[in-house]
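Enquirer: Submitted below is the structure of interest, expressed as structure tokens.
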Amino acid sequence: MEKQTAVVQAFDLGRDGGHIKKAARILADGGLVAFPTETVYGIGANALNPEAVRGIFEAKGRPQDNPLIVHVTTLGEMEPLVAEFPDSARRLADAFWPGPLTIILPKTGAVPEVTSGGLDTVAVRMPSHPVARAIIRQSGVPVAAPSANRSGGPSPTVAQHCIFDLSGRVDMILDGGPCEVGVESTVLSLTGRVPRILRPGAVTLAALQALLGPVEVDPAVTHKMDEGQAAASPGMKYRHYAPKAGMVLVHGSDEAFYRLVEEKSGSGVWFLVFDEDVKAIGGNVLSYGSANSSRSQAGRIFSALREIDGTGAEMVYARAPSMEGVGLAVYNRMLRAAAFHEQYL
Ligand code: TXA
Ligand code: MG
């Protein structure tokens with residue numbers, strides 16, 4: 001059923017015209033609100049209300065076995081949701097919350113099946129964005145929120161992306177401007193012997209290792225999983241973020257890439273490159289941040305992937321980012337957008 005979607009501004013919490021309060025009321029009443037976080041925009045519902053959570057899956061067209069992250073603003077709000085809160089979780093919370101880190105822990109019966117995708121674990125995160133925090137706190141409930149895109153598409157980093165994807169599908173879209181980080185939170189599982197990154201994000205492997213000692217990176221972060229292989233994180237097994245055009249992720253020097261550009265240029269062929277390359281290439285070119293700044297790439301990549309769709313491109317050659325620090329998150333998203341097609345020059 002088509003919903004009436006209110007699009008409202010929430011840049012300034014002091015003068016939001018009551019929109020935050022309305023959004024919180026919608027959540028408490030079982031409705032759906034798209035809202036900004038420091039990573040990407042989320043589509044929120046009361047995590048404890050199975051009917052409301054089902055609405056998220058419907059609005060996104062999301063497969064039922066892909067669990068949601070539950071967002072809270074205090075450790076007290078999280079307590080009823082998790083069966084264990086090990087010392088490692090406490091240290092992570094001290095160091096990185098509120099912020100772009102999601103922790104997977106054994107869940108309690110309070111978390112509905114539909115929220116956790118039928119798993120016996122729950123993903124919890126404490127966002128730092130003031131709008132996200134305000135609506136969660138005022139709603140009085142933990143808020144299940146996946147990224148606010150149609151399933152399979154790039155995550156939204158500005159309200160315009162949410163409007164494009166979710167108009168008529170949610171009750172309210174809160175516009176809080178561009179998201180600071182630009183890629184989704186780091187997902188870290190604490191359910192095994194060694195903490196394991198299921199999805200890289202702005203809280204980096206090095207930062208986690210510095211705090212916890214040994215930390216593993218799930219093989220699915222950088223490699224295609226075999227058909228039928230069980231995914232530690234169900235979201236990892238789906239084709240994701242891809243533009244309509246075919247895409248190849250290209251590794252190599254500036255010179256080698258520029259030779260490839262000469263060779264491949266033609267109608268329907270586009271190049272997704274670093275800001276510094278744009279002048280040298282000209283023509284059908286889009287950029288996703290500075291070659292020297294993984295942070296700027298994280299901030300731009302999802303917008304750039306959406307822009308490709310507007311060009312009518314049929315084939316995209318994208319320069320592979322550095323995999324250091326936040327670069328691993330950028331690489332992980334681009335690899336999926338390219339459906340794991342890579343070329344080494
Ligand atoms: O930054 C973010 O995390 C954003 C904002 C809105 O908070 N949310 C987000 O949610 O990216 P979503 O649903 O798009 O991605 C959640 C990922 C999926 O890959 C999902 O499979 C995984 O986390 N996940 C959720 N619960 C899990 C669980 N219990 N065990 C393993 N993976 C889980
Ligand atoms: Mg998502």
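Chains: A, B, ... in order of the structure tokens. Residues: from 1 per chain. Ligands: from 1, in order shown.
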Counting only C-alpha atoms and all ligand atoms, what are the residues, protein, DNA or RNA alike, that approach ligand 2 to within 8 Å? I want them as a list in words.
Expert: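 Within the 8 Å cut-off, the matching residues are Pro146, Ser147, Ala148, Asn149, Ser151, Gly152, Pro154, Ser155, Glu184 and Gly235 of chain A.
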Enquirer: Just the selected residues (C-alpha atoms), exported as a PDB file, in the first residue's frame, please.
Expert:
```pdb
ATOM      1  CA  PRO A 146      19.041  -1.120   7.805  1.00  0.00           C
ATOM      2  CA  SER A 147      20.426   1.314   5.248  1.00  0.00           C
ATOM      3  CA  ALA A 148      17.553   3.271   3.668  1.00  0.00           C
ATOM      4  CA  ASN A 149      17.998   2.043   0.082  1.00  0.00           C
ATOM      5  CA  SER A 151      17.589  -3.824  -1.379  1.00  0.00           C
ATOM      6  CA  GLY A 152      20.701  -4.326  -3.526  1.00  0.00           C
ATOM      7  CA  PRO A 154      23.881   1.751  -2.993  1.00  0.00           C
ATOM      8  CA  SER A 155      23.269   3.012   0.558  1.00  0.00           C
ATOM      9  CA  GLU A 184      28.002   1.681   6.714  1.00  0.00           C
ATOM     10  CA  GLY A 235      23.952  -9.426   3.915  1.00  0.00           C
TER      11      GLY A 235
END
```
Enquirer: Using only C-alpha atoms and all ligand atoms, what are the residues with an atom within 6 Å of ligand 1, set out as a PyMOL selection string?
Expert: chain A and resi 39-42+66-69+104+116+121-123+145-147+184-185+232-236
Enquirer: Which of stretch 41-194 of chain A counts as helix (DSSP H, G or I) under DSSP, as number ranges by chain please?
Expert: A: 50-60, 75-81, 87-96, 130-139, 159-166
Enquirer: Out of A:Val170, A:Gly118, A:Gly312, A:Ala202, which residue has the shortest atom-to-atom distance to A:Val7 when counting only C-alpha atoms?
Expert: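 Distance minimum relative to A:Val7 lands on A:Val170.
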Enquirer: So which residues of stretch 128-304 of chain A fall under strand (DSSP E) by DSSP, listed as a PyMOL selection string?
Expert: chain A and resi 143-144+172-175+186-189+196-199+216-217+246-251+269-273+285-287
Enquirer: Pull N, CA, C and O atoms from the residues just selected and write them as a short mmCIF file (atom, residue, chain, number, x, y, z; two decimals), in the first residue's frame.
Expert:
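Full text of part_24.cif as output:
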```cif
data_model
loop_
_atom_site.label_atom_id
_atom_site.label_comp_id
_atom_site.auth_asym_id
_atom_site.auth_seq_id
_atom_site.Cartn_x
_atom_site.Cartn_y
_atom_site.Cartn_z
N VAL A 143 15.64 0.78 17.99
CA VAL A 143 15.21 1.00 16.61
C VAL A 143 16.01 0.12 15.64
O VAL A 143 17.23 0.27 15.51
N ALA A 144 15.29 -0.81 14.98
CA ALA A 144 15.92 -1.63 13.94
C ALA A 144 16.05 -0.76 12.70
O ALA A 144 15.08 -0.12 12.29
N MET A 172 7.92 8.88 7.01
CA MET A 172 8.63 10.16 7.09
C MET A 172 10.08 9.99 6.68
O MET A 172 10.70 8.94 6.93
N ILE A 173 10.62 11.00 6.01
CA ILE A 173 12.06 11.06 5.72
C ILE A 173 12.59 12.32 6.38
O ILE A 173 12.12 13.43 6.09
N LEU A 174 13.54 12.16 7.30
CA LEU A 174 14.15 13.29 7.99
C LEU A 174 15.44 13.67 7.26
O LEU A 174 16.36 12.85 7.16
N ASP A 175 15.50 14.88 6.75
CA ASP A 175 16.68 15.34 6.03
C ASP A 175 17.63 16.03 7.00
O ASP A 175 17.33 17.10 7.53
N THR A 186 31.21 -0.58 10.70
CA THR A 186 31.98 -1.81 10.84
C THR A 186 31.11 -2.81 11.61
O THR A 186 30.56 -2.47 12.66
N VAL A 187 30.97 -4.04 11.07
CA VAL A 187 30.22 -5.08 11.80
C VAL A 187 31.23 -6.08 12.35
O VAL A 187 31.99 -6.70 11.60
N LEU A 188 31.25 -6.20 13.68
CA LEU A 188 32.21 -7.07 14.37
C LEU A 188 31.46 -8.14 15.16
O LEU A 188 30.65 -7.81 16.02
N SER A 189 31.74 -9.40 14.86
CA SER A 189 31.11 -10.48 15.62
C SER A 189 31.97 -10.86 16.81
O SER A 189 33.17 -11.09 16.68
N ARG A 196 35.68 -11.06 14.95
CA ARG A 196 35.77 -11.18 13.50
C ARG A 196 35.01 -10.06 12.80
O ARG A 196 33.83 -9.83 13.09
N ILE A 197 35.69 -9.37 11.90
CA ILE A 197 35.03 -8.32 11.10
C ILE A 197 34.21 -8.98 10.00
O ILE A 197 34.75 -9.69 9.15
N LEU A 198 32.90 -8.75 10.03
CA LEU A 198 32.03 -9.28 8.98
C LEU A 198 31.83 -8.25 7.87
O LEU A 198 31.56 -8.59 6.74
N ARG A 199 31.94 -6.96 8.25
CA ARG A 199 31.84 -5.89 7.25
C ARG A 199 32.78 -4.77 7.71
O ARG A 199 32.62 -4.25 8.82
N GLU A 216 40.05 -11.16 13.39
CA GLU A 216 40.03 -11.75 12.04
C GLU A 216 39.16 -10.94 11.11
O GLU A 216 38.23 -10.26 11.55
N VAL A 217 39.46 -11.05 9.81
CA VAL A 217 38.58 -10.47 8.79
C VAL A 217 37.92 -11.62 8.06
O VAL A 217 38.61 -12.51 7.55
N GLY A 246 27.64 -2.69 -16.35
CA GLY A 246 28.66 -3.64 -15.92
C GLY A 246 29.82 -2.86 -15.33
O GLY A 246 30.06 -1.72 -15.73
N MET A 247 30.52 -3.42 -14.36
CA MET A 247 31.62 -2.69 -13.74
C MET A 247 32.80 -3.63 -13.49
O MET A 247 32.61 -4.78 -13.11
N VAL A 248 34.00 -3.12 -13.75
CA VAL A 248 35.23 -3.85 -13.45
C VAL A 248 36.09 -2.99 -12.55
O VAL A 248 36.23 -1.78 -12.78
N LEU A 249 36.64 -3.61 -11.51
CA LEU A 249 37.52 -2.89 -10.59
C LEU A 249 38.96 -3.11 -11.07
O LEU A 249 39.42 -4.25 -11.13
N VAL A 250 39.64 -2.01 -11.42
CA VAL A 250 40.95 -2.12 -12.07
C VAL A 250 42.07 -1.71 -11.13
O VAL A 250 42.05 -0.61 -10.56
N HIS A 251 43.06 -2.60 -10.95
CA HIS A 251 44.23 -2.33 -10.13
C HIS A 251 45.40 -1.99 -11.03
O HIS A 251 45.65 -2.70 -12.00
N VAL A 269 30.99 3.81 -22.49
CA VAL A 269 32.07 3.41 -21.57
C VAL A 269 32.42 4.58 -20.65
O VAL A 269 32.71 5.68 -21.12
N TRP A 270 32.38 4.33 -19.35
CA TRP A 270 32.68 5.37 -18.35
C TRP A 270 33.82 4.93 -17.44
O TRP A 270 34.08 3.74 -17.29
N PHE A 271 34.47 5.93 -16.85
CA PHE A 271 35.59 5.66 -15.96
C PHE A 271 35.31 6.28 -14.59
O PHE A 271 34.95 7.45 -14.50
N LEU A 272 35.42 5.45 -13.55
CA LEU A 272 35.19 5.92 -12.17
C LEU A 272 36.56 5.98 -11.52
O LEU A 272 37.19 4.94 -11.28
N VAL A 273 37.04 7.21 -11.25
CA VAL A 273 38.45 7.40 -10.93
C VAL A 273 38.62 8.30 -9.71
O VAL A 273 37.64 8.77 -9.12
N VAL A 285 33.73 10.61 -17.47
CA VAL A 285 34.46 10.33 -16.23
C VAL A 285 33.71 10.83 -15.00
O VAL A 285 33.06 11.88 -15.03
N LEU A 286 33.74 10.03 -13.95
CA LEU A 286 33.19 10.40 -12.64
C LEU A 286 34.28 10.11 -11.61
O LEU A 286 35.06 9.18 -11.80
N SER A 287 34.29 10.91 -10.52
CA SER A 287 35.32 10.62 -9.52
C SER A 287 34.69 10.33 -8.17
O SER A 287 33.55 10.73 -7.89
#
```
Enquirer: Would you please work out which residue, of A:Gly14, A:Ala83, A:Tyr317, A:Glu77, is nearest to A:Glu262 when using only C-alpha atoms?
Expert: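 The answer is A:Tyr317, which sits nearest to A:Glu262.
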Enquirer: Expressed in Å to a single decimal, how great is the separation between atom CA of A:Ala280 and atom CA of A:Asp254?
Expert: 9.9 Å
Enquirer: Tell me which of A:Met323, A:Ile135, A:Val203, A:Val8 sits closest to A:Lys21, counting only C-alpha atoms.
Expert: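 For A:Lys21, the nearest of the candidates is A:Ile135.
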Enquirer: Record the distance separating atom CA of A:Cys179 and atom CA of A:Asp277, expressed in Å with one decimal.
Expert: 24.9 Å
